[in-house]
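**Student:** This is the structure I have questions about; it appears just below.
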There are 2 protein chains.
Amino acid sequence: MSDVYVVGIDMIRFGRYPDRTVVQLAADAALLALDDCGVAIGDVQALYSGNIGETMTGQRTLQLIGQTGILVVNCTNACATGATAFREGWTAIKAGLYDIVLCIGVEKMQPGMIVKKKVGNEPLPAEGLIGSETMPAVFAMVGMEHSRKYGTTPEQFARVSVKNHHHSTFNPKAMYQKETPLEEVMNAEMIAYPNTKLMCSVNVDGAAAAVLMSAKKARELGLEKRAVKVRASALASDAWSERNLVMQDINTVTRLAAKAAYEMAGIGPDELDLVELHDCFATAEILHYENLGLCAEGEGGRLIDSGETAIGGRIPVNASGGLLSKGHPLGATGIANIYEVVTHLRGEAGQRQVQGARIGLTHVVGLGSACAVHILEKV
Amino acid sequence: MSDVYVVGIDMIRFGRYPDRTVVQLAADAALLALDDCGVAIGDVQALYSGNIGETMTGQRTLQLIGQTGILVVNCTNACATGATAFREGWTAIKAGLYDIVLCIGVEKMQPGMIVKKKVGNEPLPAEGLIGSETMPAVFAMVGMEHSRKYGTTPEQFARVSVKNHHHSTFNPKAMYQKETPLEEVMNAEMIAYPNTKLMCSVNVDGAAAAVLMSAKKARELGLEKRAVKVRASALASDAWSERNLVMQDINTVTRLAAKAAYEMAGIGPDELDLVELHDCFATAEILHYENLGLCAEGEGGRLIDSGETAIGGRIPVNASGGLLSKGHPLGATGIANIYEVVTHLRGEAGQRQVQGARIGLTHVVGLGSACAVHILEKV
């Protein structure tokens, strides 16, 4: 089975692009990723495209670039959409079908809150009517449940946001690049306790793309120097029970994917040098510390207090600024967080570089549910 | 690289199901396919779900079945959606990731004509405004272009519909099961010349599902007797030029996929015993005879006249009744036509059985564009 390398990867700066289409954003990211490794679009054999909001995005992106004859698979998987597209590309190389594939994640977001839409003609559960199926409500509840069980404080949740906003001041591709002191985070408009507005991910447009290559082809083309090996690619889903949504879905699915990824890589969380995880809300980051095994059960609050998840700490988390400050364009997020880890493993992360990083983990989780975990290693 | 077998496959009868959700239809098909091979849902390792109209369909289907912990990939690729989901499942087994996967294709259709929707904020091309981007218009134009070049007659196009409606009288899972004599087809309401209403595919709800297994696992479980080997799985896309849509897109992409499939299988069209192809309109079937190499360029009209593509002929095409009479629920069609070919290869097609069938080909093509061709062989 062929090893698979990320040889080229890039993203556009996350932000608001009212005058550009989703396909234009996707094309921008695709061309940046190709340029990153000097691969011509004509040498790409297949495109795996992740986008939630539109259809046939992959084909339309290639059309805009002016390229024909590259087969396209379009994937959707809630917030794990981009990572799923990445994983389908990885799978195809593993299967020996192709040597060079392009993976794109892209989204244009609508301003405002994301509410679960009624789908088909299924009954809308009561939770939807009383608002608890809005994402802010769900992640408020999981935070409060953590507080109840382990005594996690509002300050501890808020510190996640302080840290990630601090990290983003070093990331030119983040939507926001400004410090948010603890007081400012805690005094911001309350969205759903304990998450204030500064503890909710940023609704932005974005796109990211990666060029994956079989190890053999990367060696042939002399692209090993900046290549990063995909040591594990795991995807998991859990049944979405409307009644058990709180706690169960968010945690279980991440634990399933993390377990599969660690097994595939043959390593444990102790061997990781950095992590980009799905901080869609500040409360989520604390939970995922535990779900990903970065600390023991119930220790998430103490982990953020310790400073160990800040750049310079034992295991920096969301060096990019995370979804809280870099932004969260749903379909793009999965590949954007792989971009962040790859950039560190290459030693190209500039002021935010995690020194000596050799192995990193990325995590995205979409309710519904789908969770993708990738473990990446410097070649 | 592991051989991949279809060990279980089934579909619901295509029709109108106003009281059932897309997820209920998908679950019906999934349970039928599992029952077909005696595999328990708990033994399935991954689900590849193809559906255009809704999101997270795969996860919601598993939820309805009551199963947790099976990872899900949702795919879309226009009319090739179901076949793409099937191919992603095949790819994952090829890659050695899983031994048992479930693939589902499902759609609930809206009554009425399918018009290309404006996507994003891209300009709507002039063709859309004058109606030529409606599917009936596109497939009328490609038919007329074939007539102009090769002298194909309206009667020849109409005979496709007569044949496929005849075939469907033997298929209990077809939407319609009635004969339509040539006169009735030609005198039906004109939709877009030369295609009358009886020469347009039927807008129905539907679902189909397949259980794929590594050859090794199928042997272990004693499932070889009714297994069918996937000898080739090819997917192709072509740039969608609004200006060159007519002829170019429909033909080129099918030729790309067919070439790739024949190469992968190491056979040519002469070795096929039956074909299920994308007869979304009667005109399309004539074109695809040529695109798939069933006859020489320009000979499509003569091929339908010869009767060779009817059951009992040299190379029966659309023994199921095809999209014209069985129906065309977009996301379901790709797996439904694999069901048809597998059923013949197993010798279980009853009154419509293509005698001695050992190798068959399936073809779906979605404008935009995506074309999938599978070549299947009796184990």
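Each chain in the structure tokens gets a letter, A, B, ..., in the order shown, and its residues are numbered from 1; ligands are numbered from 1 in order too.
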With a distance cut-off of 12 Å and only C-alpha atoms, select the neighbouring residues of Pro154 (chain B), excluding the residue or stretch itself and same-chain residues fewer than 6 positions from it, and output the selection as a ChimeraX atom specification.
**Tutor:** /B:140,143-144,146-148,160-161,182-183,185-187,190,192-196,199,282-283,286,301,304-305
**Student:** Is it possible to get the superposed chain B, fitted on chain A over all Cα pairs by sequence order, as a short mmCIF file (atom, residue, chain, number, x, y, z; two decimals) with C-alpha atoms, in the first residue's frame?
**Tutor:**
data_model
loop_
_atom_site.label_atom_id
_atom_site.label_comp_id
_atom_site.auth_asym_id
_atom_site.auth_seq_id
_atom_site.Cartn_x
_atom_site.Cartn_y
_atom_site.Cartn_z
CA MET B 1 -0.01 0.03 -0.01
CA SER B 2 1.52 3.30 -1.09
CA ASP B 3 2.43 5.99 1.41
CA VAL B 4 0.63 9.23 0.65
CA TYR B 5 2.31 12.61 0.93
CA VAL B 6 0.94 16.12 1.07
CA VAL B 7 3.29 17.86 -1.36
CA GLY B 8 1.41 21.11 -1.89
CA ILE B 9 -1.06 22.90 0.30
CA ASP B 10 -2.38 26.41 0.80
CA MET B 11 -5.43 28.45 1.71
CA ILE B 12 -6.80 31.87 0.97
CA ARG B 13 -7.02 34.30 3.83
CA PHE B 14 -10.35 33.60 5.52
CA GLY B 15 -12.70 36.56 5.36
CA ARG B 16 -15.68 38.04 3.61
CA TYR B 17 -15.66 37.92 -0.18
CA PRO B 18 -19.04 39.29 -1.22
CA ASP B 19 -17.91 39.84 -4.80
CA ARG B 20 -16.41 36.43 -5.40
CA THR B 21 -18.24 33.16 -6.06
CA VAL B 22 -17.60 29.92 -4.23
CA VAL B 23 -16.00 28.59 -7.38
CA GLN B 24 -13.67 31.57 -7.64
CA LEU B 25 -12.56 31.02 -4.03
CA ALA B 26 -12.02 27.31 -4.72
CA ALA B 27 -9.98 28.08 -7.82
CA ASP B 28 -7.85 30.59 -5.89
CA ALA B 29 -7.00 27.96 -3.27
CA ALA B 30 -6.39 25.25 -5.89
CA LEU B 31 -3.95 27.40 -7.82
CA LEU B 32 -2.13 28.37 -4.62
CA ALA B 33 -1.74 24.72 -3.64
CA LEU B 34 -0.50 23.72 -7.09
CA ASP B 35 1.92 26.63 -7.06
CA ASP B 36 3.15 25.58 -3.63
CA CYS B 37 4.60 22.37 -5.13
CA GLY B 38 5.07 23.37 -8.75
CA VAL B 39 2.61 20.76 -10.03
CA ALA B 40 0.67 21.71 -13.15
CA ILE B 41 -3.12 21.34 -13.14
CA GLY B 42 -2.74 19.15 -16.22
CA ASP B 43 -0.83 16.58 -14.18
CA VAL B 44 -3.62 16.21 -11.63
CA GLN B 45 -5.55 12.97 -12.17
CA ALA B 46 -8.54 13.46 -9.89
CA LEU B 47 -10.18 16.19 -7.87
CA TYR B 48 -11.94 15.57 -4.56
CA SER B 49 -14.04 18.58 -3.72
CA GLY B 50 -15.67 19.38 -0.40
CA ASN B 51 -18.42 21.99 -0.34
CA ILE B 52 -21.77 22.04 1.44
CA GLY B 53 -23.65 24.97 -0.03
CA GLU B 54 -23.59 24.29 -3.77
CA THR B 55 -23.48 21.43 -6.25
CA MET B 56 -20.89 20.24 -8.77
CA THR B 57 -18.44 22.65 -7.19
CA GLY B 58 -15.44 20.57 -8.21
CA GLN B 59 -16.36 20.50 -11.88
CA ARG B 60 -17.19 24.19 -11.95
CA THR B 61 -13.86 25.00 -10.31
CA LEU B 62 -11.97 23.11 -13.00
CA GLN B 63 -14.02 24.84 -15.64
CA LEU B 64 -13.00 28.21 -14.23
CA ILE B 65 -9.35 27.16 -14.20
CA GLY B 66 -9.84 26.10 -17.80
CA GLN B 67 -8.91 22.47 -17.32
CA THR B 68 -10.75 19.47 -18.74
CA GLY B 69 -10.62 15.74 -18.35
CA ILE B 70 -9.90 15.52 -14.62
CA LEU B 71 -12.43 13.32 -12.86
CA VAL B 72 -14.26 14.84 -9.91
CA VAL B 73 -15.84 13.49 -6.75
CA ASN B 74 -17.91 15.95 -4.69
CA CYS B 75 -18.22 15.17 -0.98
CA THR B 76 -20.27 16.58 1.87
CA ASN B 77 -20.04 15.70 5.54
CA ALA B 78 -21.15 18.73 7.58
CA CYS B 79 -18.13 20.42 9.21
CA ALA B 80 -15.98 17.42 8.24
CA THR B 81 -16.64 18.06 4.54
CA GLY B 82 -13.18 19.30 3.57
CA ALA B 83 -11.45 16.61 5.60
CA THR B 84 -13.67 13.99 3.97
CA ALA B 85 -12.68 15.20 0.50
CA PHE B 86 -9.04 15.04 1.61
CA ARG B 87 -9.56 11.52 2.90
CA GLU B 88 -11.26 10.33 -0.29
CA GLY B 89 -8.26 11.61 -2.24
CA TRP B 90 -5.91 9.83 0.15
CA THR B 91 -7.97 6.64 -0.24
CA ALA B 92 -7.75 6.75 -4.03
CA ILE B 93 -3.94 7.00 -3.93
CA LYS B 94 -3.83 4.21 -1.33
CA ALA B 95 -5.93 2.10 -3.71
CA GLY B 96 -3.35 2.66 -6.43
CA LEU B 97 -5.81 4.45 -8.70
CA TYR B 98 -3.85 7.71 -9.01
CA ASP B 99 -0.48 9.22 -8.16
CA ILE B 100 -1.50 12.87 -8.04
CA VAL B 101 -4.81 14.19 -6.73
CA LEU B 102 -6.08 17.59 -5.75
CA CYS B 103 -8.37 18.10 -2.76
CA ILE B 104 -10.37 21.26 -2.24
CA GLY B 105 -12.50 22.49 0.64
CA VAL B 106 -14.52 25.65 0.16
CA GLU B 107 -17.50 27.53 1.56
CA LYS B 108 -19.28 30.82 1.27
CA MET B 109 -21.11 31.44 4.51
CA GLN B 110 -24.27 33.34 5.13
CA PRO B 111 -24.09 35.90 7.91
CA GLY B 112 -25.93 35.00 11.07
CA MET B 113 -26.47 31.98 13.18
CA ILE B 114 -26.50 28.46 11.83
CA VAL B 115 -29.76 26.76 12.65
CA LYS B 116 -30.44 23.16 11.74
CA LYS B 117 -32.77 23.32 8.79
CA LYS B 118 -35.79 21.13 8.51
CA VAL B 119 -34.89 18.46 6.00
CA GLY B 120 -37.38 16.54 3.89
CA ASN B 121 -40.74 15.99 5.50
CA GLU B 122 -39.50 14.64 8.79
CA PRO B 123 -40.98 16.00 11.98
CA LEU B 124 -39.01 18.78 13.58
CA PRO B 125 -38.06 17.70 17.08
CA ALA B 126 -39.12 19.75 20.06
CA GLU B 127 -35.55 20.83 20.74
CA GLY B 128 -35.56 22.66 17.45
CA LEU B 129 -38.62 24.64 18.38
CA ILE B 130 -37.17 25.80 21.67
CA GLY B 131 -33.86 26.74 20.09
CA SER B 132 -31.63 24.07 21.55
CA GLU B 133 -30.68 22.76 18.14
CA THR B 134 -28.91 25.94 17.25
CA MET B 135 -25.21 25.30 17.48
CA PRO B 136 -24.59 27.96 20.17
CA ALA B 137 -27.17 26.26 22.40
CA VAL B 138 -25.70 22.80 21.88
CA PHE B 139 -22.18 23.90 22.70
CA ALA B 140 -23.36 25.93 25.67
CA MET B 141 -25.01 22.82 27.07
CA VAL B 142 -21.98 20.59 26.59
CA GLY B 143 -19.89 23.22 28.33
CA MET B 144 -22.28 23.44 31.27
CA GLU B 145 -22.37 19.66 31.53
CA HIS B 146 -18.56 19.69 31.76
CA SER B 147 -18.77 22.37 34.44
CA ARG B 148 -21.28 20.33 36.42
CA LYS B 149 -19.19 17.18 36.30
CA TYR B 150 -15.70 18.60 36.65
CA GLY B 151 -16.06 22.12 37.99
CA THR B 152 -14.79 23.78 34.83
CA THR B 153 -15.17 27.56 35.18
CA PRO B 154 -16.38 30.22 32.74
CA GLU B 155 -12.89 31.75 32.97
CA GLN B 156 -11.31 28.50 31.82
CA PHE B 157 -13.58 28.33 28.79
CA ALA B 158 -12.86 31.98 28.05
CA ARG B 159 -9.10 31.39 28.20
CA VAL B 160 -9.43 29.14 25.15
CA SER B 161 -10.57 32.17 23.20
CA VAL B 162 -7.84 34.39 24.65
CA LYS B 163 -5.21 31.83 23.60
CA ASN B 164 -6.56 31.29 20.10
CA HIS B 165 -7.00 34.98 19.41
CA HIS B 166 -3.43 35.49 20.62
CA HIS B 167 -2.18 32.79 18.23
CA SER B 168 -4.01 34.38 15.33
CA THR B 169 -2.04 37.60 15.73
CA PHE B 170 0.83 35.68 14.11
CA ASN B 171 -1.28 34.25 11.29
CA PRO B 172 -1.69 36.47 8.22
CA LYS B 173 -4.37 34.10 6.85
CA ALA B 174 -6.66 34.43 9.87
CA MET B 175 -9.83 36.50 9.63
CA TYR B 176 -8.95 38.35 12.87
CA GLN B 177 -5.47 39.13 14.09
CA LYS B 178 -5.99 40.89 17.36
CA GLU B 179 -5.55 40.14 21.02
CA THR B 180 -8.68 39.65 23.12
CA PRO B 181 -7.84 39.89 26.84
CA LEU B 182 -9.79 37.67 29.25
CA GLU B 183 -11.90 40.56 30.47
CA GLU B 184 -12.91 41.49 26.91
CA VAL B 185 -13.82 37.89 26.08
CA MET B 186 -15.92 37.48 29.22
CA ASN B 187 -17.62 40.85 28.87
CA ALA B 188 -18.54 40.38 25.23
CA GLU B 189 -22.18 39.91 24.30
CA MET B 190 -23.50 36.69 25.79
CA ILE B 191 -24.60 34.26 23.10
CA ALA B 192 -25.38 31.15 25.14
CA TYR B 193 -23.80 30.81 28.56
CA PRO B 194 -20.90 30.36 29.06
CA ASN B 195 -19.96 31.24 25.46
CA THR B 196 -19.85 34.95 24.69
CA LYS B 197 -19.64 36.28 21.16
CA LEU B 198 -15.83 36.08 21.27
CA MET B 199 -16.12 32.41 22.21
CA CYS B 200 -18.04 31.48 19.03
CA SER B 201 -16.35 30.61 15.75
CA VAL B 202 -16.29 33.24 13.05
CA ASN B 203 -18.68 32.90 10.13
CA VAL B 204 -16.43 33.62 7.13
CA ASP B 205 -15.83 32.62 3.54
CA GLY B 206 -12.80 30.50 2.82
CA ALA B 207 -11.07 27.90 0.72
CA ALA B 208 -8.11 25.59 1.13
CA ALA B 209 -6.57 23.00 -1.15
CA ALA B 210 -3.98 20.25 -1.01
CA VAL B 211 -2.04 18.27 -3.60
CA LEU B 212 -1.61 14.65 -2.52
CA MET B 213 0.90 12.36 -4.15
CA SER B 214 2.04 8.78 -3.84
CA ALA B 215 5.43 8.63 -2.10
CA LYS B 216 6.93 7.08 -5.23
CA LYS B 217 5.79 9.91 -7.47
CA ALA B 218 6.92 12.54 -4.94
CA ARG B 219 10.40 11.00 -4.95
CA GLU B 220 10.41 10.88 -8.75
CA LEU B 221 9.55 14.58 -8.90
CA GLY B 222 11.98 15.53 -6.16
CA LEU B 223 9.20 16.83 -3.92
CA GLU B 224 10.21 15.03 -0.73
CA LYS B 225 11.96 17.96 0.92
CA ARG B 226 8.76 19.78 1.87
CA ALA B 227 6.49 16.74 1.82
CA VAL B 228 4.47 15.62 4.80
CA LYS B 229 3.34 12.03 5.19
CA VAL B 230 -0.27 11.20 6.04
CA ARG B 231 0.34 8.70 8.81
CA ALA B 232 -3.31 8.20 9.61
CA SER B 233 -6.63 9.23 8.15
CA ALA B 234 -9.66 8.29 10.19
CA LEU B 235 -13.30 9.09 9.73
CA ALA B 236 -16.12 8.23 12.11
CA SER B 237 -19.83 8.76 12.42
CA ASP B 238 -22.19 8.16 15.26
CA ALA B 239 -25.94 7.88 15.17
CA TRP B 240 -27.46 11.28 15.75
CA SER B 241 -30.03 10.98 18.43
CA GLU B 242 -32.01 14.17 18.80
CA ARG B 243 -32.42 13.35 22.48
CA ASN B 244 -28.81 12.47 23.16
CA LEU B 245 -27.26 15.16 21.07
CA VAL B 246 -25.81 16.95 24.03
CA MET B 247 -22.55 15.34 25.12
CA GLN B 248 -22.96 12.02 23.34
CA ASP B 249 -22.64 13.01 19.75
CA ILE B 250 -19.87 15.55 20.11
CA ASN B 251 -17.70 13.40 22.31
CA THR B 252 -18.34 9.87 21.09
CA VAL B 253 -17.65 10.51 17.46
CA THR B 254 -14.36 12.29 18.19
CA ARG B 255 -13.26 9.47 20.44
CA LEU B 256 -14.07 6.90 17.75
CA ALA B 257 -12.07 8.79 15.13
CA ALA B 258 -9.15 9.52 17.46
CA LYS B 259 -8.88 5.88 18.49
CA ALA B 260 -8.86 4.78 14.86
CA ALA B 261 -6.25 7.40 13.93
CA TYR B 262 -3.90 6.58 16.81
CA GLU B 263 -4.17 2.87 15.96
CA MET B 264 -3.47 3.49 12.27
CA ALA B 265 -0.47 5.69 13.06
CA GLY B 266 0.75 3.38 15.80
CA ILE B 267 1.31 6.29 18.17
CA GLY B 268 -0.40 7.89 21.13
CA PRO B 269 -1.22 11.51 21.95
CA ASP B 270 2.07 11.91 23.85
CA GLU B 271 3.96 11.80 20.59
CA LEU B 272 2.14 14.76 19.07
CA ASP B 273 3.91 18.10 18.72
CA LEU B 274 0.84 20.16 17.81
CA VAL B 275 -2.90 19.83 17.30
CA GLU B 276 -5.46 21.76 15.26
CA LEU B 277 -8.84 20.85 16.69
CA HIS B 278 -12.43 21.86 16.09
CA ASP B 279 -12.91 24.87 18.41
CA CYS B 280 -16.26 25.86 16.91
CA PHE B 281 -17.00 27.24 20.37
CA ALA B 282 -14.61 27.79 23.27
CA THR B 283 -16.38 25.09 25.27
CA ALA B 284 -15.67 22.55 22.51
CA GLU B 285 -11.90 22.92 22.76
CA ILE B 286 -11.91 21.90 26.42
CA LEU B 287 -13.96 18.79 25.63
CA HIS B 288 -11.73 17.83 22.73
CA TYR B 289 -8.57 18.05 24.85
CA GLU B 290 -10.02 15.07 26.63
CA ASN B 291 -11.59 13.39 23.62
CA LEU B 292 -8.24 13.44 21.80
CA GLY B 293 -6.35 12.23 24.86
CA LEU B 294 -4.30 15.40 25.37
CA CYS B 295 -5.19 15.24 29.06
CA ALA B 296 -7.11 12.98 31.41
CA GLU B 297 -10.89 13.02 31.72
CA GLY B 298 -12.08 16.15 33.49
CA GLU B 299 -8.67 17.85 33.27
CA GLY B 300 -9.48 20.07 30.28
CA GLY B 301 -9.98 23.17 32.40
CA ARG B 302 -6.68 22.70 34.15
CA LEU B 303 -4.94 22.08 30.81
CA ILE B 304 -5.91 25.48 29.44
CA ASP B 305 -4.90 27.12 32.74
CA SER B 306 -1.48 25.46 32.57
CA GLY B 307 -0.60 27.20 29.33
CA GLU B 308 0.55 23.89 27.86
CA THR B 309 -1.73 24.28 24.84
CA ALA B 310 -0.33 27.68 23.90
CA ILE B 311 2.49 28.06 21.39
CA GLY B 312 5.64 27.36 23.40
CA GLY B 313 3.80 24.94 25.68
CA ARG B 314 3.90 21.13 25.80
CA ILE B 315 1.25 20.59 23.12
CA PRO B 316 0.20 23.74 21.26
CA VAL B 317 -3.44 23.63 20.14
CA ASN B 318 -4.84 25.80 17.36
CA ALA B 319 -1.67 27.70 16.59
CA SER B 320 -3.53 29.12 13.60
CA GLY B 321 -6.00 30.96 15.78
CA GLY B 322 -8.51 28.20 15.33
CA LEU B 323 -12.10 28.52 14.24
CA LEU B 324 -12.54 31.15 16.96
CA SER B 325 -10.28 33.70 15.28
CA LYS B 326 -9.05 32.32 11.96
CA GLY B 327 -12.67 31.59 11.08
CA HIS B 328 -14.84 28.63 10.16
CA PRO B 329 -16.00 28.35 6.53
CA LEU B 330 -17.56 24.91 7.00
CA GLY B 331 -16.39 22.98 3.92
CA ALA B 332 -12.96 24.63 3.95
CA THR B 333 -12.06 24.07 7.59
CA GLY B 334 -10.91 20.45 7.28
CA ILE B 335 -8.21 21.21 4.74
CA ALA B 336 -7.31 24.54 6.34
CA ASN B 337 -6.37 22.85 9.58
CA ILE B 338 -4.27 20.32 7.66
CA TYR B 339 -2.58 23.32 6.02
CA GLU B 340 -1.72 24.69 9.45
CA VAL B 341 -0.15 21.48 10.70
CA VAL B 342 1.74 20.87 7.44
CA THR B 343 3.12 24.42 7.60
CA HIS B 344 4.54 23.77 11.08
CA LEU B 345 5.97 20.37 10.11
CA ARG B 346 7.70 22.09 7.21
CA GLY B 347 9.10 24.69 9.60
CA GLU B 348 7.44 27.46 7.61
CA ALA B 349 5.02 28.87 10.17
CA GLY B 350 7.02 32.03 10.83
CA GLN B 351 6.30 33.81 14.09
CA ARG B 352 3.84 31.17 15.26
CA GLN B 353 6.14 28.20 14.47
CA VAL B 354 5.94 25.32 16.92
CA GLN B 355 9.65 24.62 17.27
CA GLY B 356 10.87 21.20 16.19
CA ALA B 357 7.41 19.96 15.27
CA ARG B 358 7.59 16.52 13.66
CA ILE B 359 4.10 15.04 14.19
CA GLY B 360 0.77 16.82 14.28
CA LEU B 361 -2.91 15.96 14.48
CA THR B 362 -5.92 17.62 12.88
CA HIS B 363 -9.52 17.19 13.98
CA VAL B 364 -12.86 18.36 12.64
CA VAL B 365 -16.28 17.27 13.75
CA GLY B 366 -19.64 17.97 12.23
CA LEU B 367 -22.81 17.26 14.08
CA GLY B 368 -25.01 14.85 12.38
CA SER B 369 -22.35 13.34 12.61
CA ALA B 370 -18.94 13.02 11.04
CA CYS B 371 -15.51 13.37 12.58
CA ALA B 372 -12.20 13.23 10.76
CA VAL B 373 -8.82 12.93 12.43
CA HIS B 374 -5.56 13.04 10.49
CA ILE B 375 -2.08 12.43 11.84
CA LEU B 376 0.68 14.01 9.79
CA GLU B 377 4.43 13.53 10.00
CA LYS B 378 7.42 15.27 8.50
CA VAL B 379 8.96 13.04 5.81
#
**Student:** Check the DSSP output for the backbone and give back, as a PyMOL selection string, the residues of region 130-350 of chain B in alpha helix (DSSP H).
**Tutor:** chain B and resi 135-150+154-168+182-187+215-220+250-265+282-291+300-306+322-325+330-345
**Student:** Please, which residues of region 310-371 of chain B, numbered as in this document, come out strand (DSSP E) from DSSP, as a ChimeraX atom specification?
**Tutor:** /B:359-366,370-371
